[in-house]
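As provided, coords-v4.csv (CSV, C-alpha atoms) reads as follows.
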```csv
chain,number,residue,atom,x,y,z
A,1,MET,CA,-24.5,20.5,4.8
A,2,ILE,CA,-21.7,18.3,6.2
A,3,ALA,CA,-21.6,16.1,3.1
A,4,GLN,CA,-20.4,19.0,1.0
A,5,LEU,CA,-17.2,19.1,3.1
A,6,LEU,CA,-16.2,15.9,1.3
A,7,VAL,CA,-15.8,17.5,-2.1
A,8,PRO,CA,-12.1,18.5,-1.8
A,9,ARG,CA,-11.0,14.9,-1.0
A,10,HIS,CA,-13.6,12.9,-2.9
A,11,PRO,CA,-14.7,14.1,-6.4
A,12,VAL,CA,-18.5,14.6,-6.4
A,13,ALA,CA,-19.2,11.9,-8.9
A,14,GLU,CA,-17.0,9.4,-7.1
A,15,TRP,CA,-18.5,10.1,-3.7
A,16,THR,CA,-22.1,10.1,-4.9
A,17,GLY,CA,-21.3,6.6,-6.3
A,18,TRP,CA,-20.2,5.4,-2.9
A,19,GLU,CA,-23.3,6.7,-1.2
A,20,GLU,CA,-25.5,5.1,-3.8
A,21,ARG,CA,-23.7,1.8,-3.4
A,22,VAL,CA,-24.3,1.8,0.3
A,23,ARG,CA,-28.0,2.7,-0.2
A,24,LEU,CA,-28.4,-0.3,-2.5
A,25,MET,CA,-26.6,-2.6,-0.1
A,26,VAL,CA,-28.7,-2.0,3.0
A,27,ARG,CA,-32.3,-1.8,4.0
A,28,PRO,CA,-34.0,1.6,3.9
A,29,ARG,CA,-34.1,1.9,7.7
A,30,ARG,CA,-30.5,0.9,7.9
A,31,TYR,CA,-29.6,3.6,5.4
A,32,GLU,CA,-31.3,6.2,7.6
A,33,HIS,CA,-29.2,5.0,10.5
A,34,VAL,CA,-26.1,5.3,8.3
A,35,LEU,CA,-26.8,8.9,7.4
A,36,ARG,CA,-27.3,9.8,11.1
A,37,VAL,CA,-24.1,8.1,12.1
A,38,ALA,CA,-22.2,9.9,9.3
A,39,GLU,CA,-23.5,13.3,10.3
A,40,LEU,CA,-22.9,12.7,14.0
A,41,ALA,CA,-19.4,11.3,13.5
A,42,ALA,CA,-18.5,14.4,11.5
A,43,GLN,CA,-19.9,16.7,14.2
A,44,ILE,CA,-17.9,14.9,16.9
A,45,ALA,CA,-14.8,15.0,14.8
A,46,LEU,CA,-15.2,18.7,14.1
A,47,ALA,CA,-15.8,19.5,17.7
A,48,ASN,CA,-12.6,17.7,18.6
A,49,GLY,CA,-10.4,19.2,15.9
A,50,LEU,CA,-10.3,16.0,13.8
A,51,ASP,CA,-10.9,15.2,10.2
A,52,ASP,CA,-14.6,15.6,9.8
A,53,MET,CA,-14.5,14.5,6.1
A,54,ARG,CA,-12.9,11.1,7.0
A,55,ALA,CA,-15.4,10.7,9.9
A,56,TYR,CA,-18.3,11.3,7.6
A,57,ALA,CA,-16.9,8.9,5.0
A,58,ALA,CA,-16.4,6.2,7.5
A,59,GLY,CA,-19.9,6.8,8.9
A,60,ILE,CA,-21.4,6.4,5.4
A,61,LEU,CA,-19.4,3.2,4.7
A,62,HIS,CA,-19.5,1.5,8.1
A,63,ASP,CA,-22.6,-0.7,7.7
A,64,ILE,CA,-22.2,-1.6,4.0
A,65,ALA,CA,-22.0,-5.3,4.9
A,66,ARG,CA,-24.5,-5.2,7.7
A,67,ASP,CA,-27.4,-6.8,5.8
A,68,LEU,CA,-25.4,-9.5,4.1
A,69,PRO,CA,-26.3,-13.2,4.8
A,70,ASP,CA,-24.3,-15.0,7.4
A,71,ALA,CA,-22.6,-17.2,4.9
A,72,GLU,CA,-21.3,-14.2,2.9
A,73,LEU,CA,-20.0,-12.6,6.1
A,74,LEU,CA,-18.2,-15.8,7.0
A,75,ARG,CA,-16.7,-16.0,3.5
A,76,LEU,CA,-15.5,-12.4,3.4
A,77,ALA,CA,-14.2,-12.4,7.0
A,78,PRO,CA,-13.2,-15.9,8.3
A,79,PRO,CA,-13.8,-16.2,12.1
A,80,GLU,CA,-11.0,-15.3,14.4
A,81,CYS,CA,-12.7,-16.7,17.5
A,82,GLU,CA,-15.7,-18.6,18.7
A,83,ILE,CA,-17.8,-15.4,18.9
A,84,ASP,CA,-17.3,-14.8,15.2
A,85,ALA,CA,-18.2,-18.3,14.3
A,86,GLY,CA,-21.3,-18.4,16.5
A,87,HIS,CA,-22.5,-14.9,15.7
A,88,PRO,CA,-21.4,-13.9,12.2
A,89,LEU,CA,-23.0,-10.5,12.5
A,90,ALA,CA,-20.0,-9.6,14.6
A,91,LEU,CA,-18.0,-9.9,11.4
A,92,HIS,CA,-19.7,-7.2,9.4
A,93,GLY,CA,-17.1,-4.5,10.2
A,94,ARG,CA,-14.3,-6.7,8.9
A,95,ALA,CA,-16.3,-7.9,6.0
A,96,ALA,CA,-17.1,-4.2,5.1
A,97,ARG,CA,-13.4,-3.4,5.0
A,98,VAL,CA,-12.7,-6.4,2.7
A,99,LEU,CA,-15.5,-5.3,0.3
A,100,LEU,CA,-14.3,-1.7,0.2
A,101,GLU,CA,-10.7,-2.7,-0.4
A,102,ARG,CA,-11.8,-5.0,-3.3
A,103,TRP,CA,-13.8,-2.2,-4.7
A,104,GLY,CA,-10.8,0.2,-4.7
A,105,TYR,CA,-11.3,2.2,-1.5
A,106,HIS,CA,-7.8,2.8,0.0
A,107,ASP,CA,-8.0,5.4,2.8
A,108,GLN,CA,-6.5,3.4,5.7
A,109,VAL,CA,-7.9,5.7,8.4
A,110,VAL,CA,-11.4,5.3,7.1
A,111,LEU,CA,-11.0,1.5,6.5
A,112,GLU,CA,-9.8,1.0,10.1
A,113,ALA,CA,-12.8,3.0,11.4
A,114,VAL,CA,-15.1,0.8,9.3
A,115,GLU,CA,-13.5,-2.4,10.5
A,116,ASP,CA,-13.5,-1.5,14.2
A,117,HIS,CA,-16.9,0.1,14.5
A,118,THR,CA,-18.4,-3.2,15.8
A,119,THR,CA,-15.8,-4.0,18.4
A,120,GLY,CA,-14.1,-0.7,19.4
A,121,PRO,CA,-11.3,1.3,18.0
A,122,ARG,CA,-7.7,0.0,18.4
A,123,GLY,CA,-4.4,1.6,17.9
A,124,GLY,CA,-5.4,5.2,18.6
A,125,ASN,CA,-7.4,5.9,15.5
A,126,ARG,CA,-9.5,8.9,16.7
A,127,VAL,CA,-11.6,9.0,13.6
A,128,ALA,CA,-12.6,5.4,14.5
A,129,ALA,CA,-13.5,6.6,17.9
A,130,CYS,CA,-15.8,9.2,16.4
A,131,VAL,CA,-17.6,6.6,14.3
A,132,TYR,CA,-17.8,4.1,17.2
A,133,ILE,CA,-19.4,6.6,19.5
A,134,ALA,CA,-21.7,7.9,16.7
A,135,ASP,CA,-22.9,4.4,16.0
A,136,VAL,CA,-23.9,3.6,19.6
A,137,SER,CA,-25.4,7.0,20.3
A,138,GLU,CA,-27.0,8.5,17.2
A,139,PRO,CA,-30.4,10.0,18.1
A,140,GLY,CA,-32.4,7.3,16.2
A,141,ARG,CA,-31.3,4.7,18.7
A,142,GLY,CA,-32.9,6.5,21.6
A,143,VAL,CA,-30.1,5.6,24.0
A,144,ASN,CA,-26.7,6.9,25.1
A,145,ALA,CA,-27.5,10.6,24.7
A,146,ASP,CA,-25.0,11.3,27.6
A,147,ILE,CA,-22.2,9.7,25.6
A,148,ARG,CA,-23.2,11.7,22.5
A,149,GLU,CA,-23.2,15.0,24.3
A,150,LEU,CA,-19.9,14.1,26.1
A,151,ALA,CA,-18.2,13.3,22.8
A,152,LEU,CA,-18.8,16.9,21.6
A,153,ARG,CA,-16.7,18.1,24.6
A,154,ASP,CA,-14.3,15.2,25.4
A,155,LEU,CA,-13.8,12.4,22.9
A,156,ASN,CA,-11.5,10.3,25.1
A,157,ALA,CA,-13.9,10.4,28.0
A,158,ALA,CA,-16.9,9.5,25.8
A,159,LEU,CA,-14.9,6.6,24.2
A,160,GLU,CA,-14.1,5.3,27.7
A,161,ARG,CA,-17.7,5.5,28.8
A,162,ALA,CA,-18.9,3.7,25.6
A,163,ILE,CA,-16.5,0.9,25.8
A,164,VAL,CA,-16.7,0.4,29.6
A,165,SER,CA,-20.5,0.4,29.4
A,166,LYS,CA,-20.4,-2.3,26.7
A,167,VAL,CA,-17.9,-4.5,28.5
A,168,THR,CA,-19.7,-4.1,31.9
A,169,TYR,CA,-23.1,-4.9,30.3
A,170,LEU,CA,-21.8,-8.1,28.6
A,171,GLN,CA,-19.8,-9.3,31.6
A,172,GLY,CA,-22.7,-8.6,34.0
A,173,ARG,CA,-24.9,-10.9,32.0
A,174,GLY,CA,-22.3,-13.6,31.4
A,175,ILE,CA,-22.0,-12.9,27.7
A,176,PRO,CA,-18.5,-13.4,26.2
A,177,VAL,CA,-16.8,-10.2,25.2
A,178,HIS,CA,-15.2,-10.2,21.8
A,179,PRO,CA,-11.4,-10.3,22.0
A,180,ARG,CA,-11.1,-7.2,19.9
A,181,THR,CA,-13.4,-5.3,22.3
A,182,LEU,CA,-11.2,-6.5,25.2
A,183,GLN,CA,-8.2,-5.2,23.3
A,184,ALA,CA,-9.9,-1.8,22.9
A,185,TYR,CA,-10.9,-1.9,26.6
A,186,HIS,CA,-7.3,-2.6,27.7
A,187,SER,CA,-5.9,0.1,25.5
A,188,LEU,CA,-7.9,2.7,27.4
A,189,PRO,CA,-5.6,4.9,29.6
A,190,PHE,CA,-7.3,3.8,32.9
A,191,ALA,CA,-6.7,0.2,32.0
A,192,ALA,CA,-3.0,0.5,31.9
A,193,PRO,CA,-1.1,-1.1,34.8
A,194,ARG,CA,-0.6,1.4,37.6
A,195,VAL,CA,2.7,1.8,39.4
A,196,GLN,CA,2.3,0.4,42.9
A,197,PRO,CA,3.7,2.4,45.8
A,198,PRO,CA,6.7,0.9,47.6
A,199,PRO,CA,5.8,-1.3,50.6
A,200,ARG,CA,5.9,0.4,54.0
A,201,PRO,CA,8.8,-0.6,56.2
A,202,PRO,CA,7.8,-3.0,59.0
A,203,ARG,CA,7.1,-1.5,62.4
A,204,LEU,CA,9.7,-2.1,65.0
```
How would this structure read if it were set down as structure tokens?
Amino acid sequence: MIAQLLVPRHPVAEWTGWEERVRLMVRPRRYEHVLRVAELAAQIALANGLDDMRAYAAGILHDIARDLPDAELLRLAPPECEIDAGHPLALHGRAARVLLERWGYHDQVVLEAVEDHTTGPRGGNRVAACVYIADVSEPGRGVNADIRELALRDLNAALERAIVSKVTYLQGRGIPVHPRTLQAYHSLPFAAPRVQPPPRPPRL
């Protein structure tokens, strides 16, 4: 089982404690989603030559703040923009990171993946990409199977498709896109400014 791969980095008793803490923090159906995300994130990481242990850990921890009341989310992660203030659920990634740091979890790669799973990975964290894709495409959601399958072959292409799909969907319906999601969008290779060809000389 994938979870057993965590043993070398996380002592069994310690990691069992983290999983139990997550189980107690979220609703039963949410915990089932958490397990599916963790397993899929590890599979995607393994298929792309990445750290499957960290991907599994981030998947387990990503929704630890998801079921907290709005007031608690706002307290843990003060709004950065109007979207945060109007929709505190958007804060649950940042709030989760704050909780984990307070509770003594210090793996920065995992913490970044947890924080960015709601808005998109920034800064080239490929473990975060695995978790973001797993979160939007795990089989229990019943959508995005194409992204899930693509991620097992080409992580970058799958991440592009996931982020572009989200931005296109929101913009097409006139829904504001979170600034962090736009940052992730503009960090994609295709979004970089392209060099324009020199102008043609005028005809004589």
- Query: Which residues, written as a VMD selection string, have at least one atom at most 7 Å from region 45-57 of chain A, with all atoms listed in the file counted and residues fewer than 3 positions away on the same chain left out?
  - Reply: chain A and resid 5 to 6 38 to 39 41 to 42 60 to 61 110 127 130 to 131 152 155
- Message: Quick one: residues within 10 Å of Leu91 (chain A), all atoms listed in the file, excluding same-chain residues fewer than 2 positions away - as a list in words?
- Response: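 Residues meeting the cut-off are Ala65, Arg66, Asp70, Leu73, Leu74, Leu76, Ala77, Pro78, Pro79, Glu80, Ile83, Asp84, Ala85, His87, Pro88, Leu89, Gly93, Arg94, Ala95, Ala96, Glu115, Asp116, Thr118 and Thr119 of chain A.
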- Message: I'd like the interatomic distance between CA of Val164 (chain A) and CA of Thr181 (chain A), to a tenth of an Å.
- Response: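 Atom-to-atom, CA of Val164 (chain A) and CA of Thr181 (chain A) are spaced 9.8 Å apart.
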- Given the choices A:Ala129, A:Val26, A:Arg102, A:Val143, which gets closest to Leu68 (chain A) if the distance is worked out from all atoms listed in the file? A:Val26
- Item | For CA of Arg126 (chain A) and CA of Leu40 (chain A), the interatomic separation in Å (one decimal) |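 Going from CA of Arg126 (chain A) over to CA of Leu40 (chain A), I get 14.2 Å.
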Kindly list the centre and edge lengths in Å, rounded to one decimal, for the axis-aligned box that covers all listed atoms of region 144-162 of chain A plus 3 Å on each of its six sides, as JSON.
```
{"center_x": -19.5, "center_y": 10.9, "center_z": 25.2, "size_x": 22.0, "size_y": 20.4, "size_z": 13.2}
```
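The smallest atom-to-atom distance between Pro179 (chain A) and any of A:Cys81, A:Glu160, A:Asp146, A:Pro121, using all atoms listed in the file, is found for A:Cys81.
Note that the spacing between CA of Arg21 (chain A) and CA of Ile64 (chain A) amounts to 8.3 Å.
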- Which is closest to Leu24 (chain A) among A:Asp67, A:Glu138, A:Tyr185, A:Val37, if we use all atoms listed in the file? A:Asp67
- Check the smallest atom-to-atom distance from each of A:Gly123, A:Leu170, A:Asp63, A:Asp154 to Gln183 (chain A) using all atoms listed in the file, then report the winner.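 With all atoms listed in the file as the atom set, the closest residue is A:Gly123.
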- Which residues, written as a ChimeraX atom specification, have at least one atom at most 7 Å from region 148-151 of chain A, with only C-alpha atoms counted and residues fewer than 6 positions away on the same chain left out? /A:44,137,158
